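Data block below; observations after.
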Amino acid sequence: MAWSVEGRRVLVTGATSGIGEQTALELARRGARVVLVGRDAARGAATQARIATEAGAETDLLLADLAEMASVRRLAEQVRARYDRLDVLVNNAGLFLQRRQLTGEGLERTFATNHLSMFLLTGLLRDLLVAGAPARVVNVSSEAHRRGRIDLDDLQSERRYRGFAVYSASKLMNVLITNEFARRLDGTGVTANSLHPGFVRSNFGRNNGPVVGLAIAALGLVGRAITVEQGARTSVYAAADPSLEGVTGRYLDRERPVRPADAALDEDLARRLWDASEQLAPVAGS
Ligand SMILES: NC(=O)c1ccc[n+]([C@@H]2O[C@H](COP(=O)([O-])OP(=O)(O)OC[C@H]3O[C@@H](n4cnc5c(N)ncnc54)[C@H](OP(=O)(O)O)[C@@H]3O)[C@@H](O)[C@H]2O)c1
């Protein structure tokens, strides 16, 4: 029988807004048992109520601040305490920051939220995914990865911070680390793919204040941004489409695999990024 998401345990990060919320809703409509990860209890409850109304489905809600690795570790502990297997992990949470900010742990916030949390959470839940095999890891990257340049000697952007450059680098990291997971998970029955959702009219970038918010809204009009319903399609496809059974290490755009930037296929860079990430957020340590 073809692989189906019905009855499968699916965890979605960034599930209280935009593409992640819509992805969670669509997967719940397909019968998945969805675990929402959010950072705000009220927004989480609102998403749960929406999915109950629109999909007729109960969901679980877990709270975590994915910018803080201690919080990512607590999240993984909660997941492990509640479930003995995980079928799909959708690492969707992400942000753009025009100005450099540090987390409480002293990490640059875009790097921590967009890349390091994805690396650590996937590593901490690896054995639950293996227990759920055939299982899937779905990482939401962006076409912005094509402009990304990674300086392994300055991962915290201490020397130079340009918001879009740092965001693009974090999205290149998403594709690289997905591909490295795909290689390391080979033979386990767990696949790992990354994707571009499209240019989507969501709350993305609004955390930077009204000027950047307006600029993004204007860009959305000029660039014909798509709706969150359309923007969630590639995530839903990656998480649920039976045709992707066994497909791993691919970058998806508009519901099909496409070739990412050459830098995203650099296996040596991926290994070195993995090692640097492991130094900062060891999967085995705390
Ligand atoms: N919109 C686009 O055009 C576009 C294009 C390419 C790629 N993407 C990617 O798509 C993904 C989803 O973005 P979106 O467009 O749906 O934007 P969004 O509406 O702003 O949603 C982002 C989600 O990430 C969550 N998040 C941010 N920082 C977090 C933290 N520290 N801890 C926990 N959760 C955190 C947010 O939580 P709250 O709900 O609490 O705010 C929100 O649910 C991102 O990875 C983004 O890079 C978006």
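Each chain of the structure tokens is named A, B, ... in the order shown, its residues numbered from 1; ligands are numbered from 1 in display order.
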**Message:** Which residues are near Arg29 in chain A? Cut-off 9 Å, only C-alpha atoms, ignore same chain within fewer than 2 positions. Put them as a ChimeraX atom specification.
**Reply:** /A:24-27,31-32,51,54-57
Write a file of the selected residues as a PDB file, in the first residue's frame, keeping C-alpha atoms.
```pdb
ATOM      1  CA  ALA A  24      -0.555  21.922  10.027  1.00  0.00           C
ATOM      2  CA  LEU A  25      -4.180  22.525   8.989  1.00  0.00           C
ATOM      3  CA  GLU A  26      -3.790  20.767   5.632  1.00  0.00           C
ATOM      4  CA  LEU A  27      -2.041  17.773   7.204  1.00  0.00           C
ATOM      5  CA  GLY A  31      -5.902  12.695   8.894  1.00  0.00           C
ATOM      6  CA  ALA A  32      -2.437  13.280  10.370  1.00  0.00           C
ATOM      7  CA  ILE A  51      -7.826  23.379  13.135  1.00  0.00           C
ATOM      8  CA  GLU A  54     -11.776  23.763   9.878  1.00  0.00           C
ATOM      9  CA  ALA A  55     -10.426  20.206   9.914  1.00  0.00           C
ATOM     10  CA  GLY A  56     -12.461  18.693  12.752  1.00  0.00           C
ATOM     11  CA  ALA A  57      -9.206  17.480  14.279  1.00  0.00           C
TER      12      ALA A  57
END
```
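For Asn203 in chain A, the list of residues within 10 Å, based on only C-alpha atoms and with local chain neighbours fewer than 5 positions off taken out, reads A:Ser17, A:Gly18, A:Ile19, A:Leu95, A:Gly213, A:Ile216, A:Ala217, A:Val228.
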**Asked** Residues within 6 Å of ligand 1 (only C-alpha atoms and all ligand atoms), as an NGL selection string?
**Response** :A and (14-20 or 38-40 or 64-67 or 92-95 or 113 or 140-142 or 196-204)
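Distances from A:Glu21, A:Glu77, A:Asp262, A:Glu229 to Arg147 in chain A were compared using only C-alpha atoms, and the smallest one belongs to A:Asp262.
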**Item:** Close residues, Leu97 in chain A itself excluded, 8 Å, only C-alpha atoms, min 5 positions apart in chain, as a ChimeraX atom specification
**Value:** /A:110,163-164,167,205,207-208
**Message:** Which residues are near Ile177 in chain A? Cut-off 9 Å, only C-alpha atoms, ignore same chain within fewer than 5 positions. Put them as an MDAnalysis selection string.
**Reply:** chainID A and resid 115 118:119 172 182 264 270:271 273:274
**Request:** Go through range 39-102 of chain A and collect every residue that DSSP, computed from the backbone, puts in strand (DSSP E or B); the answer should be as a VMD selection string.
**Result:** chain A and resid 60 to 63 88 to 91 102
**Prompt:** Could you pull out the helix (DSSP H, G or I) residues of range 208-250 of chain A from DSSP and send them as a PyMOL selection string?
**Reply:** chain A and resi 208+210-222+228-231+233-240+242-244
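Using only C-alpha atoms, the smallest distance between any of A:Arg99, A:Arg272, A:Arg80, A:Arg206 and Glu180 in chain A comes from A:Arg272.
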